[in-house]
file data09.tsv (TSV, C-alpha atoms)
chain	number	residue	atom	x	y	z
A	74	MET	CA	118.88	211.34	86.44
A	75	LYS	CA	119.81	209.87	89.75
A	76	PHE	CA	121.61	213.08	90.72
A	77	ASN	CA	118.50	215.13	89.94
A	78	ARG	CA	116.29	212.89	92.09
A	79	LEU	CA	118.51	213.34	95.13
A	80	ARG	CA	118.72	217.06	94.53
A	81	ASN	CA	114.94	217.40	94.29
A	82	GLY	CA	114.28	215.42	97.54
A	83	PHE	CA	112.09	212.39	98.30
A	84	THR	CA	109.10	211.37	96.26
A	85	MET	CA	105.60	211.45	97.82
A	86	VAL	CA	105.50	207.65	98.06
A	87	GLU	CA	108.81	207.57	99.90
A	88	LEU	CA	107.63	210.24	102.35
A	89	VAL	CA	104.39	208.36	103.09
A	90	ILE	CA	106.24	205.08	103.69
A	91	SER	CA	108.85	206.75	105.90
A	92	THR	CA	106.17	208.53	107.93
A	93	ALA	CA	104.19	205.30	108.41
A	94	ILE	CA	107.30	203.47	109.63
A	95	LEU	CA	108.15	206.25	112.10
A	96	MET	CA	104.58	206.34	113.44
A	97	SER	CA	104.57	202.57	113.92
A	98	ILE	CA	107.82	202.69	115.87
A	99	ALA	CA	106.58	205.59	118.00
A	100	GLY	CA	103.27	203.82	118.68
A	101	PHE	CA	104.98	200.63	119.77
A	102	GLY	CA	107.31	202.55	122.06
A	103	THR	CA	104.42	204.48	123.63
A	104	ALA	CA	102.40	201.29	124.23
A	105	SER	CA	105.37	199.59	125.85
A	106	TYR	CA	105.98	202.61	128.07
A	107	LEU	CA	102.33	202.82	129.15
A	108	GLY	CA	102.25	199.08	129.81
A	109	PHE	CA	105.32	199.35	132.02
A	110	ASN	CA	103.84	202.25	134.01
A	111	GLU	CA	100.53	200.47	134.48
A	112	ARG	CA	102.28	197.30	135.64
A	113	GLN	CA	104.01	199.46	138.24
A	114	ILE	CA	100.57	200.45	139.57
A	115	VAL	CA	99.70	196.84	140.41
A	116	GLU	CA	103.15	195.98	141.72
A	117	GLN	CA	103.35	199.02	144.00
A	118	ALA	CA	99.82	198.46	145.32
A	119	GLY	CA	100.74	194.84	146.09
A	120	LYS	CA	103.90	195.86	147.92
A	121	ASN	CA	101.99	198.47	149.93
A	122	LEU	CA	99.47	195.79	150.92
A	123	LYS	CA	102.28	193.45	151.99
A	124	ASN	CA	103.78	196.21	154.14
A	125	ASP	CA	100.40	196.91	155.74
A	126	LEU	CA	99.97	193.23	156.58
A	127	ARG	CA	103.40	193.31	158.20
A	128	LEU	CA	102.38	196.45	160.10
A	129	ALA	CA	99.32	194.70	161.53
A	130	GLN	CA	101.43	191.63	162.34
A	131	GLN	CA	104.05	193.70	164.18
A	132	ASN	CA	101.39	195.66	166.08
A	133	ALA	CA	99.96	192.36	167.29
A	134	ILE	CA	103.34	190.84	168.16
A	135	ASN	CA	104.28	193.95	170.14
A	136	ALA	CA	100.80	194.10	171.74
A	137	ILE	CA	100.24	197.71	170.68
A	138	LYS	CA	96.94	198.96	172.06
A	139	ASN	CA	96.66	202.61	171.04
A	140	ASP	CA	93.07	202.95	172.21
A	141	GLU	CA	93.15	206.70	172.87
A	142	GLU	CA	89.37	206.94	172.52
A	143	GLY	CA	88.80	204.45	175.33
A	144	LEU	CA	86.69	202.10	173.21
A	145	CYS	CA	87.98	199.04	175.04
A	146	ALA	CA	86.66	198.43	178.55
A	147	ALA	CA	89.06	197.98	181.45
A	148	ASN	CA	88.58	194.21	181.40
A	149	GLN	CA	89.13	193.94	177.64
A	150	SER	CA	92.65	193.06	176.56
A	151	LEU	CA	94.15	193.34	173.10
A	152	GLN	CA	93.29	190.31	170.96
A	153	GLY	CA	95.10	191.28	167.79
A	154	TRP	CA	95.26	193.46	164.68
A	155	CYS	CA	93.20	192.92	161.52
A	156	VAL	CA	93.49	193.64	157.83
A	157	SER	CA	90.08	193.52	156.19
A	158	PRO	CA	88.84	194.37	152.68
A	159	ASP	CA	85.92	196.72	152.23
A	160	ASN	CA	82.75	194.61	152.27
A	161	ASN	CA	80.57	196.96	150.22
A	162	ASN	CA	81.39	194.94	147.11
A	163	VAL	CA	81.46	191.16	147.48
A	164	ASN	CA	83.48	190.66	144.29
A	165	SER	CA	86.29	193.18	144.65
A	166	SER	CA	87.36	196.15	146.69
A	167	GLN	CA	89.04	199.50	146.14
A	168	LYS	CA	90.10	199.81	149.76
A	169	TYR	CA	90.98	197.85	152.88
A	170	PHE	CA	91.21	198.64	156.58
A	171	ILE	CA	93.71	198.10	159.40
A	172	TYR	CA	92.44	198.10	162.98
A	173	GLY	CA	92.99	196.62	166.41
A	174	VAL	CA	90.57	194.35	168.28
A	175	CYS	CA	90.08	193.98	172.02
A	176	GLY	CA	87.77	191.84	174.16
A	177	ASP	CA	87.41	189.68	177.24
A	178	GLY	CA	86.99	186.39	175.42
A	179	SER	CA	83.20	186.47	175.53
A	180	GLY	CA	80.78	188.50	173.49
A	181	ILE	CA	81.52	190.59	170.41
A	182	PRO	CA	85.06	192.01	170.19
A	183	VAL	CA	85.49	195.78	170.00
A	184	SER	CA	87.56	197.36	167.25
A	185	PHE	CA	89.64	200.51	167.52
A	186	PRO	CA	90.22	203.24	166.55
A	187	SER	CA	86.68	204.27	165.62
A	188	ASP	CA	88.00	205.39	162.23
A	189	ALA	CA	90.07	202.43	161.11
A	190	ILE	CA	93.21	203.10	159.09
A	191	LYS	CA	92.01	203.11	155.47
A	192	ARG	CA	94.14	202.26	152.47
A	193	THR	CA	92.93	202.88	148.91
A	194	ILE	CA	93.85	200.74	145.92
A	195	PRO	CA	94.92	203.09	143.07
A	196	ARG	CA	92.84	203.52	139.96
A	197	GLY	CA	93.57	200.78	137.46
A	198	ALA	CA	93.65	198.00	140.06
A	199	GLN	CA	91.37	196.25	142.53
A	200	LEU	CA	91.70	193.96	145.54
A	201	VAL	CA	90.20	190.47	145.51
A	202	VAL	CA	90.41	188.25	148.62
A	203	ARG	CA	89.76	184.51	148.82
A	204	ALA	CA	90.01	181.96	151.62
A	205	LYS	CA	91.32	178.41	151.25
A	206	GLU	CA	89.17	175.67	152.73
A	207	GLY	CA	89.82	171.98	152.15
A	208	GLY	CA	92.33	172.80	149.42
A	209	VAL	CA	89.82	174.97	147.52
A	210	TRP	CA	89.93	178.76	147.22
A	211	LYS	CA	86.54	180.30	147.90
A	212	MET	CA	84.79	183.53	148.80
A	213	ALA	CA	82.32	182.81	151.57
A	214	ASN	CA	80.95	186.23	152.42
A	215	GLY	CA	83.13	188.87	150.80
A	216	ILE	CA	84.67	190.13	154.05
A	217	GLU	CA	87.52	187.67	154.48
A	218	ARG	CA	90.02	189.17	156.87
A	219	ALA	CA	93.12	188.12	158.75
A	220	ARG	CA	93.52	188.88	162.44
A	221	PHE	CA	97.08	188.58	163.69
A	222	ASN	CA	96.90	187.42	167.30
A	223	THR	CA	98.98	189.01	170.05
A	224	PHE	CA	102.52	187.87	170.80
A	225	GLY	CA	102.79	185.98	167.51
A	226	GLN	CA	100.18	183.37	168.41
A	227	GLY	CA	99.10	182.67	164.85
A	228	VAL	CA	96.27	184.17	162.85
A	229	GLN	CA	92.53	183.96	163.34
A	230	LEU	CA	90.70	183.84	160.03
A	231	GLN	CA	87.01	184.53	159.41
A	232	ASN	CA	86.27	180.81	159.62
A	233	PRO	CA	88.26	178.23	161.68
A	234	SER	CA	88.13	175.82	158.73
A	235	TYR	CA	90.21	178.17	156.55
A	236	SER	CA	93.89	177.26	156.24
A	237	GLU	CA	94.97	180.53	154.65
A	238	ILE	CA	93.72	183.58	152.79
A	239	ALA	CA	95.13	185.33	149.74
A	240	TYR	CA	95.05	189.02	148.96
A	241	CYS	CA	95.27	189.56	145.21
A	242	VAL	CA	95.76	192.98	143.60
A	243	GLN	CA	94.54	192.71	140.00
A	244	GLY	CA	94.86	195.15	137.13
A	245	THR	CA	91.60	196.43	135.65
A	246	LEU	CA	92.92	198.43	132.67
A	247	PRO	CA	93.03	196.60	129.29
A	248	THR	CA	96.82	196.33	129.45
A	249	LEU	CA	96.72	195.20	133.09
A	250	GLN	CA	94.07	192.50	133.15
A	251	ASN	CA	96.73	189.77	133.23
A	252	VAL	CA	98.89	191.50	135.87
A	253	ARG	CA	98.38	190.26	139.42
A	254	TYR	CA	100.23	190.58	142.73
A	255	GLN	CA	99.46	188.08	145.48
A	256	VAL	CA	100.19	187.99	149.21
A	257	ARG	CA	99.04	185.06	151.39
A	258	VAL	CA	98.55	184.71	155.14
A	259	THR	CA	98.43	181.26	156.79
A	260	GLN	CA	96.80	180.21	160.06
A	261	THR	CA	100.22	179.92	161.66
A	262	GLY	CA	100.89	183.59	160.93
A	263	GLU	CA	103.26	183.11	158.01
A	264	LEU	CA	103.21	185.98	155.54
A	265	ILE	CA	103.99	184.75	152.01
A	266	ASP	CA	104.78	187.30	149.31
A	267	ASP	CA	104.17	185.61	145.94
A	268	GLY	CA	104.76	188.87	144.07
A	269	ILE	CA	103.67	189.16	140.45
A	270	VAL	CA	101.88	185.94	139.45
A	271	GLN	CA	100.21	184.63	136.29
A	272	ASN	CA	97.08	183.68	138.23
A	273	CYS	CA	95.98	184.19	141.82
A	274	PHE	CA	94.39	181.48	143.95
A	275	GLN	CA	96.27	178.57	142.40
call {"tool": "encode", "arguments": {"input": "data09.tsv", "output": "structure tokens"}}
result
Amino acid sequence: MKFNRLRNGFTMVELVISTAILMSIAGFGTASYLGFNERQIVEQAGKNLKNDLRLAQQNAINAIKNDEEGLCAANQSLQGWCVSPDNNNVNSSQKYFIYGVCGDGSGIPVSFPSDAIKRTIPRGAQLVVRAKEGGVWKMANGIERARFNTFGQGVQLQNPSYSEIAYCVQGTLPTLQNVRYQVRVTQTGELIDDGIVQNCFQ
């Protein structure tokens, strides 16, 4: 009897159970693979942001003033380079800008180039920026930015009372909502790469 069963193949119940087990294994593997790829979205966006902050910092240290459009007047010297989130959404941003600032110390500084360098956060993630004031992380006006001063003379933040600001790339997909990458900039000009963190603004 046992020989006949093997010769005739599997029973329907055995086939259903085997198929269910294989589908479960395949589903788990696919979910793990997708989760890994989506985590890479946040991590890569965070690393790109860190590199752009370093770019602005180096431009300021080296006093690069590539004002080919002549936006800065003759008496306006380079004050620094900024990295600023898009202020169209006060809660989060899908892009940020890199630009230089010049001025004579009085009046409103002039930014250049007229079309600031724009970086876009990839789909599945968003940028959230907070400033630290009196030991508390806060969002004052949604346009917190860091301006790296020339020749490495620290950083000017949106408000003199801020001690540092944090740029946090957060996942927005269901599998990414707990994935965050944080980079901080202090008043002294220190760039701190926290990398992947459990929670930003801690």
call {"tool": "atom_distance", "arguments": {"input": "data09.tsv", "atom1": "atom CA of A:Val183", "atom2": "atom CA of A:Lys168"}}
result
21.1 Å
call {"tool": "residues_near_point", "arguments": {"input": "data09.tsv", "point": "(106.6, 197.1, 147.2)", "cutoff": "12 Å", "atoms": "only C-alpha atoms", "output": "PDB file with C-alpha atoms, keeping the file's coordinate frame"}}
result
ATOM      1  CA  GLN A 113     104.010 199.460 138.240  1.00  0.00           C
ATOM      2  CA  ILE A 114     100.570 200.450 139.570  1.00  0.00           C
ATOM      3  CA  VAL A 115      99.700 196.840 140.410  1.00  0.00           C
ATOM      4  CA  GLU A 116     103.150 195.980 141.720  1.00  0.00           C
ATOM      5  CA  GLN A 117     103.350 199.020 144.000  1.00  0.00           C
ATOM      6  CA  ALA A 118      99.820 198.460 145.320  1.00  0.00           C
ATOM      7  CA  GLY A 119     100.740 194.840 146.090  1.00  0.00           C
ATOM      8  CA  LYS A 120     103.900 195.860 147.920  1.00  0.00           C
ATOM      9  CA  ASN A 121     101.990 198.470 149.930  1.00  0.00           C
ATOM     10  CA  LEU A 122      99.470 195.790 150.920  1.00  0.00           C
ATOM     11  CA  LYS A 123     102.280 193.450 151.990  1.00  0.00           C
ATOM     12  CA  ASN A 124     103.780 196.210 154.140  1.00  0.00           C
ATOM     13  CA  ASP A 125     100.400 196.910 155.740  1.00  0.00           C
ATOM     14  CA  TYR A 254     100.230 190.580 142.730  1.00  0.00           C
ATOM     15  CA  GLN A 255      99.460 188.080 145.480  1.00  0.00           C
ATOM     16  CA  VAL A 256     100.190 187.990 149.210  1.00  0.00           C
ATOM     17  CA  ASP A 266     104.780 187.300 149.310  1.00  0.00           C
ATOM     18  CA  ASP A 267     104.170 185.610 145.940  1.00  0.00           C
ATOM     19  CA  GLY A 268     104.760 188.870 144.070  1.00  0.00           C
ATOM     20  CA  ILE A 269     103.670 189.160 140.450  1.00  0.00           C
TER      21      ILE A 269
END
call {"tool": "residues_around", "arguments": {"input": "data09.tsv", "residues": "A:Ala129", "least_positions_apart": "4", "cutoff": "9 Å", "atoms": "only C-alpha atoms", "output": "MDAnalysis selection string"}}
result
chainID A and resid 124:125 133:134 153:156 171:173 220:221
call {"tool": "atom_distance", "arguments": {"input": "data09.tsv", "atom1": "atom CA of A:Gly227", "atom2": "atom CA of A:Ile265"}}
result
13.9 Å
call {"tool": "closest_residue", "arguments": {"input": "data09.tsv", "among": "A:Asn232, A:Phe185, A:Gln243, A:Arg253", "to": "A:Ile137", "atoms": "only C-alpha atoms"}}
result
A:Phe185
call {"tool": "closest_residue", "arguments": {"input": "data09.tsv", "among": "A:Glu217, A:Glu142, A:Asp177, A:Glu111", "to": "A:Lys205", "atoms": "all atoms listed in the file"}}
result
A:Glu217
call {"tool": "closest_residue", "arguments": {"input": "data09.tsv", "among": "A:Lys211, A:Arg112, A:Lys138, A:Arg192", "to": "A:Thr245", "atoms": "only C-alpha atoms"}}
result
A:Arg112
call {"tool": "decode", "arguments": {"input": "data09.tsv", "residues": "stretch 130-203 of chain A", "atoms": "C-alpha atoms", "output": "short mmCIF file (atom, residue, chain, number, x, y, z; two decimals), in the first residue's frame"}}
result
data_model
loop_
_atom_site.label_atom_id
_atom_site.label_comp_id
_atom_site.auth_asym_id
_atom_site.auth_seq_id
_atom_site.Cartn_x
_atom_site.Cartn_y
_atom_site.Cartn_z
CA GLN A 130 30.93 74.01 4.36
CA GLN A 131 33.91 73.62 2.02
CA ASN A 132 32.62 76.35 -0.32
CA ALA A 133 32.47 78.70 2.66
CA ILE A 134 35.87 77.69 4.04
CA ASN A 135 37.46 78.21 0.62
CA ALA A 136 35.52 81.48 0.11
CA ILE A 137 34.11 80.35 -3.24
CA LYS A 138 32.07 83.14 -4.79
CA ASN A 139 30.91 81.88 -8.17
CA ASP A 140 28.60 84.83 -8.80
CA GLU A 141 28.68 84.69 -12.60
CA GLU A 142 25.37 86.55 -12.82
CA GLY A 143 26.75 89.55 -10.93
CA LEU A 144 24.05 89.46 -8.26
CA CYS A 145 26.45 90.69 -5.59
CA ALA A 146 27.43 94.36 -5.70
CA ALA A 147 31.09 95.37 -5.77
CA ASN A 148 31.03 96.23 -2.07
CA GLN A 149 29.37 92.96 -1.07
CA SER A 150 31.71 90.21 0.06
CA LEU A 151 30.94 86.53 0.48
CA GLN A 152 29.32 85.82 3.85
CA GLY A 153 28.89 82.08 3.54
CA TRP A 154 27.04 79.14 2.01
CA CYS A 155 23.62 77.90 3.11
CA VAL A 156 21.68 74.66 3.12
CA SER A 157 17.97 75.34 3.51
CA PRO A 158 14.88 73.11 3.33
CA ASP A 159 12.01 74.04 1.07
CA ASN A 160 9.65 76.26 3.08
CA ASN A 161 6.47 75.49 1.13
CA ASN A 162 5.57 72.87 3.72
CA VAL A 163 6.21 73.76 7.37
CA ASN A 164 6.09 70.13 8.51
CA SER A 165 8.34 68.37 6.01
CA SER A 166 10.09 68.88 2.72
CA GLN A 167 10.81 66.91 -0.43
CA LYS A 168 13.71 69.14 -1.42
CA TYR A 169 16.39 71.46 -0.09
CA PHE A 170 18.61 74.14 -1.58
CA ILE A 171 22.31 75.04 -1.55
CA TYR A 172 23.32 78.63 -2.26
CA GLY A 173 25.86 81.31 -1.46
CA VAL A 174 25.18 84.58 0.36
CA CYS A 175 26.94 87.91 -0.01
CA GLY A 176 26.48 91.31 1.64
CA ASP A 177 28.16 94.35 3.15
CA GLY A 178 27.11 93.68 6.73
CA SER A 179 24.07 95.94 6.56
CA GLY A 180 20.73 95.38 4.93
CA ILE A 181 19.38 92.13 3.49
CA PRO A 182 22.00 89.68 2.20
CA VAL A 183 21.86 88.65 -1.46
CA SER A 184 21.83 84.99 -2.44
CA PHE A 185 23.38 83.48 -5.55
CA PRO A 186 23.03 81.91 -8.03
CA SER A 187 19.50 83.04 -8.92
CA ASP A 188 18.55 79.38 -9.34
CA ALA A 189 19.89 77.79 -6.18
CA ILE A 190 21.23 74.25 -6.40
CA LYS A 191 18.20 72.04 -5.73
CA ARG A 192 18.31 68.56 -4.28
CA THR A 193 15.23 66.31 -4.22
CA ILE A 194 14.49 63.74 -1.53
CA PRO A 195 13.50 60.46 -3.27
CA ARG A 196 9.99 59.11 -3.12
CA GLY A 197 9.44 57.15 0.07
CA ALA A 198 11.25 59.64 2.29
CA GLN A 199 10.98 63.23 3.49
CA LEU A 200 13.19 65.82 5.16
CA VAL A 201 12.29 67.25 8.56
CA VAL A 202 14.45 69.98 10.15
CA ARG A 203 14.40 71.14 13.76
#
